[in-house]
Amino acid sequence: MSVPGIVAINTFREAVRDRVLYNLVFFALIMIGAAILVGQISIGIERLVIVNLGLTAISVFGLVMSIFIGVGLVYKEIEKRTLYTLLAKPIRRWQFLVGKYGGLLLTLTVNTFFMALGLAAALFYVGRTFVRSDALILVAIYFILLELALVTAIALFFSCFSTPMLSTLFTLGIYVTGVFATDIRNIAGFTSNGAIVYPTRFLYYVVPNFHNFNAIGLAAHGGQIPFALFWQNTAYAALYVALLLIASAAVFSYRNFK
Amino acid sequence: MSTPAIEIAGLTKDYKIGFWHRRRRRSLDNLTLQVEEGEIFGCLGPNGAGKTTTLKLLMGLIFPTSGTAHIRGRSIDDVEMHREIGYLPEQPYFYDYLTARELLDYYARFSDFSATERRERVEHYLAKVGLTTAGNLQLRKFSKGMLQRVGLAQAILHDPQVIFLDEPMSGLDPIGRREARDIILELKKKGRTVFFSTHILSDAEMLCDRVAVLHQGKLQGVGAPAEIVAIEAHTTEVFFEARNGHALAPCLIERATQTGKRYRIEVPEADLYPLMDQLRDCDARVLSVAPVRPTLEDYFFRLVDKSQAPSHAVEVRTK
Amino acid sequence: MSRPSQTRVVWTAVFALPLLFASVAALQTRIDAQTRKQSQTQEMLLLSSPTVVKKLSLGYDSLLADVYWTRVVQYYGERLVKGGADYDLLWPLLDITTTLDPKLVVAYRFGAIFLSLPHVPPGSNLVGGAGRTDLAVELVKRGIAANPENWVLDSDLGFLYYWQLKDYKNASAAYLDGSTKPKAPQWLKMMAARVAAKGGSFENSSLIWSEVYASTKNPQIQKLAWTMLRALRAQDDEMHLDELATAYRKRIGRYPTSTAELLNAGYLTKIPVDPAGHPYVFGAEGKSRLAPDSPVVIPPK
């Protein structure tokens with residue numbers, strides 16, 4: 001197995017043993033509650049509500065996990081000094097980073113997979129059959145995963161040099177900015193003042209645009225997702241993650257571990 | 001002349017401190033020394049002397065401000081060099097939720113062993129540090145001594161040529177210390193080089209072929225332990241008390257320090273027997289007679305006092 | 001901790017905790033009573049601007065729309081039970097809901113009906129609404145713009161023009177538009193023609209309300225449609241009875257005082273009953289009406 005792979009498996013194992021996957025219990029409770037109550041509260045739109053609730057929960061739980069675990073990925077190893085023994089082995093610093101990232105991504109994917117099963121079960125309970133438009137739900141989940149991969153990379157980057165509290169704030173800040181990315185771009189359209197147009201346009205292209213990945217409403221209503229968006233989003237996420245990992249490696253390679 | 005196991009040349013580490021990173025604190029100043037293959041080499045010094053800094057520089061955890069170092073001919077920048085070394089950091093801490101077996105297996109994976117060989121080695125070294133029964137216990141349940149032992153195991157599991165230990169005895173009970181000492185001696189017998197740092201003189205005396213003494217980031221001297229210790233003359237301390245009905249001579253009480261009923265006098269070796277005669281004359285009850293071992297702190301205290309390098313500093317020898 | 005102090009603390013907890021919880025609960029009811037006197041509007045809406053709400057939802061607007069939708073249903077249901085209430089918040093709530101999720105068709109449909117229903121006085125057992133047909137039309141038009149492939153909203157627009165506004169030209173146009181949309185049922189085209197030709201009639205109204213009933217799963221709308229259909233049926237019956245009464249008077253010389261007289265005179269073959277099974281009665285001047293104890297309710301024009 002490759003060196004990053006070894007680190008990744010260990011990171012995954014640590015997360016599981018740290019009872020991170022217990023969040024699935026809460027998710028299950030929410031979905032069960034929703035599946036049972038939705039008939040009373042929202043007649044006629046049961047499937048819609050279940051899909052909305054399920055996808056939103058997958059997104060929110062996933063975000064919480066990627067931020068809170070992500071900001072500790074590197075920091076914890078430095079704090080606890082487990083990194084010291086590790087770096088004495090034949091492992092390059094960037095391999096360590098990629099491994100930590102991969103491990104958390106694996107954890108998120110496994111977690112999301114089980115949530116998807118839960119969502120399917122709730123849908124089945126409410127709707128009895130699966131229709132072809134349900135494949136859209138899978139696409140929406142895939143987009144959420146891409147989003148999580150991006151957020152994790154951002155959190156990892158900050159984890160390389162900042163404390164968890166600050167890293168959380170920065171990562172959250174970038175995420176929220178990214179959600180409003182389109183609005184930022186639109187500000188540039190309202191004014192011809194160069195002092196505002198150029199910085200906002202720059203900000204728009206620098207901050208990741210998370211709106212691209214939002215397909216919850218589309219999946220809930222069974223709309224259409226153009227195939228081009230599928231590979232475009234994948235490429236966007238991959239490029240951005242690569243960018244962040246390289247930046248993280250650069251920062252990390254300079255650090256002195258006191 | 002064969003390549004030294006460890007070759008350090010002018011290694012210096014400055015830290016920028018202060019709010020604007022203007023001032024510098026030099027934690028290691030121009031360290032030059034060589035360690036030969038098969039030596040047990042001790043790095044002595046009080047806390048803050050630069051011992052841990054040296055080890056971290058060699059491990060690549062921090063980067064030198066200037067100077068170089070080579071281990072078995074390979075620069076410390078070379079990642080491949082790490083295949084041949086093992087490292088036990090100070091007060092090690094490991095992943096909470098792994099068991100000892102899993103931890104050793106994890107670290108072993110970074111070396112090229114087959115799965116079977118890896119398993120065998122893990123068991124072998126677990127046994128060697130006396131943790132076989134605790135092998136499946138999660139590390140968060142380990143005591144400090146147990147962590148130290150598993151740390152030692154991971155440092156030697158892949159049979160490295162050069163082993164670096166930072167305060168290897170800390171946290172160990174006397175049995176553990178004995179076992180650790182045995183392991184270090186065994187490594188030497190196999191021809192491995194051991195470089196360890198400590199502030200406990202007796203360990204260095206017992207184990208090391210040579211020691212380096214650091215103080216305030218500077219190398220004070222290198223040589224065999226006995227030579228360094230021999231700098232100071234020995235004194236003896238005597239504890240005594242008055243026997244019922246017999247008073248002690250006033251001159252004795254003057255020279256002594258008193259705690260409750262007990263008195264203590266420290267005398268140079270030459271004056272020991274005259275003192276014993278005096279005590280016998282007063283019919284005092286002698287509680288103990290023991291030589292005062294100089295600690296390293298004493299050595300350095302006097303070193304600073306003298307405000308010059310000790311005249312007995314031994315230069316680096318070449319074989 | 002030694003054993004005695006442990007038991008002391010535990011026993012204190014056993015007694016103190018329920019007491020404290022009870023006090024907190026009692027205090028909460030006091031606070032609730034206080035705040036109830038203050039404006040409830042803000043609390044219900046949380047924020048009054050739909051765009052602000054949408055922005056603050058951070059991309060989770062789809063789910064938030066569902067949350068607001070349940071509030072709409074709850075808000076209306078509460079007031080319906082109370083009777084005679086105003087529905088001031090119905091429009092803002094629906095506005096926010098449909099801004100958050102423009103594809104939430106049930107919201108437009110709900111608004112079409114309950115925004116346009118007139119106010120009813122307190123004590124009336126009629127189903128009331130916000131009395132704002134203008135807002136209802138605006139809402140449904142927004143819905144059509146956001147869901148151009150959905151024929152249901154066109155039929156709702158047609159309903160509004162027909163039933164509330166008596167604008168038969170626009171009603172017919174709406175039904176015609178709807179009939180061109182995918183999977184549109186046949187009756188839309190038929191309705192467009194009927195309304196264009198005949199305008200308002202009991203038949204057209206009954207057909208429209210039947211379709212409203214059939215096309216929804218919302219129990220409040222279903223109940224309303226069912227009430228309307230019964231009322232229409234009763235109005236139709238009354239109209240016929242009035243005609244018979246006029247004919248009776250022409251022949252006999254006075255208005256009938258009961259349907260039995262009509263029966264004996266051969267104008268009826270059996271005693272007519274309203275959709276609830278109660279026989280019709282005659283008032284003065286030969287005007288038939290429902291029996292006083294009949295549950296059927298005819299909304300005022």
# chains A, B, ... in the order shown; residues from 1 in each chain; ligands from 1

call {"tool": "interface_residues", "arguments": {"of": "chain A", "to": "chain B", "cutoff": "8 Å", "atoms": "only C-alpha atoms", "output": "number ranges by chain"}}
result
A: 3, 6, 10, 14, 17-18, 80-82, 84-92, 255-258

call {"tool": "closest_residue", "arguments": {"among": "C:Leu268, C:Val297, C:Val137, C:Val67", "to": "Val38 in chain A", "atoms": "only C-alpha atoms"}}
result
C:Val67

call {"tool": "closest_atom_pairs", "arguments": {"of": "chain A", "to": "chain C", "cutoff": "6 Å", "atoms": "only C-alpha atoms", "output": "CSV"}}
result
residue,atom,partner,partner_atom,distance
A:Gly44,CA,C:Lys217,CA,5.4
A:Asn52,CA,C:Leu63,CA,5.1
A:Gly217,CA,C:Ser62,CA,5.3

call {"tool": "closest_residue", "arguments": {"among": "B:Cys282, B:Leu126, B:Ala290, B:Val194", "to": "Ile163 in chain B", "atoms": "only C-alpha atoms"}}
result
B:Val194

call {"tool": "select_by_dssp", "arguments": {"residues": "range 77-227 of chain C", "states": "alpha helix (DSSP H)", "output": "ChimeraX atom specification"}}
result
/C:77-82,90-100,105-114,133-146,151-159,168-179,187-198,202-215,219-227

call {"tool": "atom_distance", "arguments": {"atom1": "CA of Thr227 in chain C", "atom2": "CA of Val296 in chain C"}}
result
7.3 Å

call {"tool": "residues_around", "arguments": {"residues": "Pro256 in chain C", "least_positions_apart": "4", "cutoff": "12 Å", "atoms": "only C-alpha atoms", "output": "PyMOL selection string"}}
result
chain C and resi 241-252+260-265+267+281-288

call {"tool": "write_last_selection", "arguments": {"atoms": "C-alpha atoms", "output": "PDB file, in the first residue's frame"}}
result
ATOM      1  CA  LEU C 241     -88.280  24.923  -6.574  1.00  0.00           C
ATOM      2  CA  ASP C 242     -88.738  28.680  -6.963  1.00  0.00           C
ATOM      3  CA  GLU C 243     -89.640  28.190 -10.631  1.00  0.00           C
ATOM      4  CA  LEU C 244     -92.146  25.517  -9.667  1.00  0.00           C
ATOM      5  CA  ALA C 245     -93.539  27.794  -6.994  1.00  0.00           C
ATOM      6  CA  THR C 246     -94.079  30.554  -9.560  1.00  0.00           C
ATOM      7  CA  ALA C 247     -95.822  28.131 -11.874  1.00  0.00           C
ATOM      8  CA  TYR C 248     -97.896  26.868  -8.931  1.00  0.00           C
ATOM      9  CA  ARG C 249     -98.924  30.407  -8.069  1.00  0.00           C
ATOM     10  CA  LYS C 250     -99.883  31.054 -11.646  1.00  0.00           C
ATOM     11  CA  ARG C 251    -102.166  28.089 -11.594  1.00  0.00           C
ATOM     12  CA  ILE C 252    -103.409  27.939  -8.021  1.00  0.00           C
ATOM     13  CA  ALA C 260     -95.846  18.645  -0.008  1.00  0.00           C
ATOM     14  CA  GLU C 261     -98.287  20.997  -1.718  1.00  0.00           C
ATOM     15  CA  LEU C 262     -96.167  20.927  -4.858  1.00  0.00           C
ATOM     16  CA  LEU C 263     -96.081  17.177  -4.651  1.00  0.00           C
ATOM     17  CA  ASN C 264     -99.866  16.912  -4.348  1.00  0.00           C
ATOM     18  CA  ALA C 265    -100.335  19.336  -7.190  1.00  0.00           C
ATOM     19  CA  TYR C 267     -95.273  19.363  -9.807  1.00  0.00           C
ATOM     20  CA  VAL C 281     -89.004  24.311   3.120  1.00  0.00           C
ATOM     21  CA  PHE C 282     -90.795  27.343   1.743  1.00  0.00           C
ATOM     22  CA  GLY C 283     -90.538  30.789   3.168  1.00  0.00           C
ATOM     23  CA  ALA C 284     -92.650  33.792   2.279  1.00  0.00           C
ATOM     24  CA  GLU C 285     -93.329  34.774  -1.295  1.00  0.00           C
ATOM     25  CA  GLY C 286     -92.665  31.266  -2.518  1.00  0.00           C
ATOM     26  CA  LYS C 287     -88.953  31.409  -1.866  1.00  0.00           C
ATOM     27  CA  SER C 288     -87.638  27.996  -1.074  1.00  0.00           C
TER      28      SER C 288
END

call {"tool": "residues_around", "arguments": {"residues": "Leu224 in chain C", "least_positions_apart": "3", "cutoff": "10 Å", "atoms": "only C-alpha atoms", "output": "count of residues only"}}
result
15

call {"tool": "atom_distance", "arguments": {"atom1": "CA of Leu31 in chain B", "atom2": "CA of Gly10 in chain B"}}
result
4.9 Å

call {"tool": "residues_around", "arguments": {"residues": "Ile137 in chain A", "least_positions_apart": "2", "cutoff": "8 Å", "atoms": "only C-alpha atoms", "output": "list in words"}}
result
Val51, Ser133, Asp134, Ala135, Val139, Ala140, Ile141, Ile216, Ala219 and Ala220 of chain A

call {"tool": "decode", "arguments": {"residues": "range 157-170 of chain B", "atoms": "C-alpha atoms", "output": "CSV table (one decimal), in the first residue's frame"}}
result
chain,number,residue,atom,x,y,z
B,157,LEU,CA,10.9,-2.9,15.7
B,158,HIS,CA,12.2,-2.4,12.2
B,159,ASP,CA,15.8,-3.2,13.4
B,160,PRO,CA,17.3,0.2,12.6
B,161,GLN,CA,21.0,0.9,12.6
B,162,VAL,CA,20.9,4.0,14.6
B,163,ILE,CA,18.4,4.5,17.5
B,164,PHE,CA,17.6,7.9,19.0
B,165,LEU,CA,16.0,8.0,22.4
B,166,ASP,CA,14.9,11.2,24.2
B,167,GLU,CA,14.8,10.6,27.9
B,168,PRO,CA,14.1,6.8,27.5
B,169,MET,CA,13.9,6.1,31.2
B,170,SER,CA,11.3,8.7,32.1
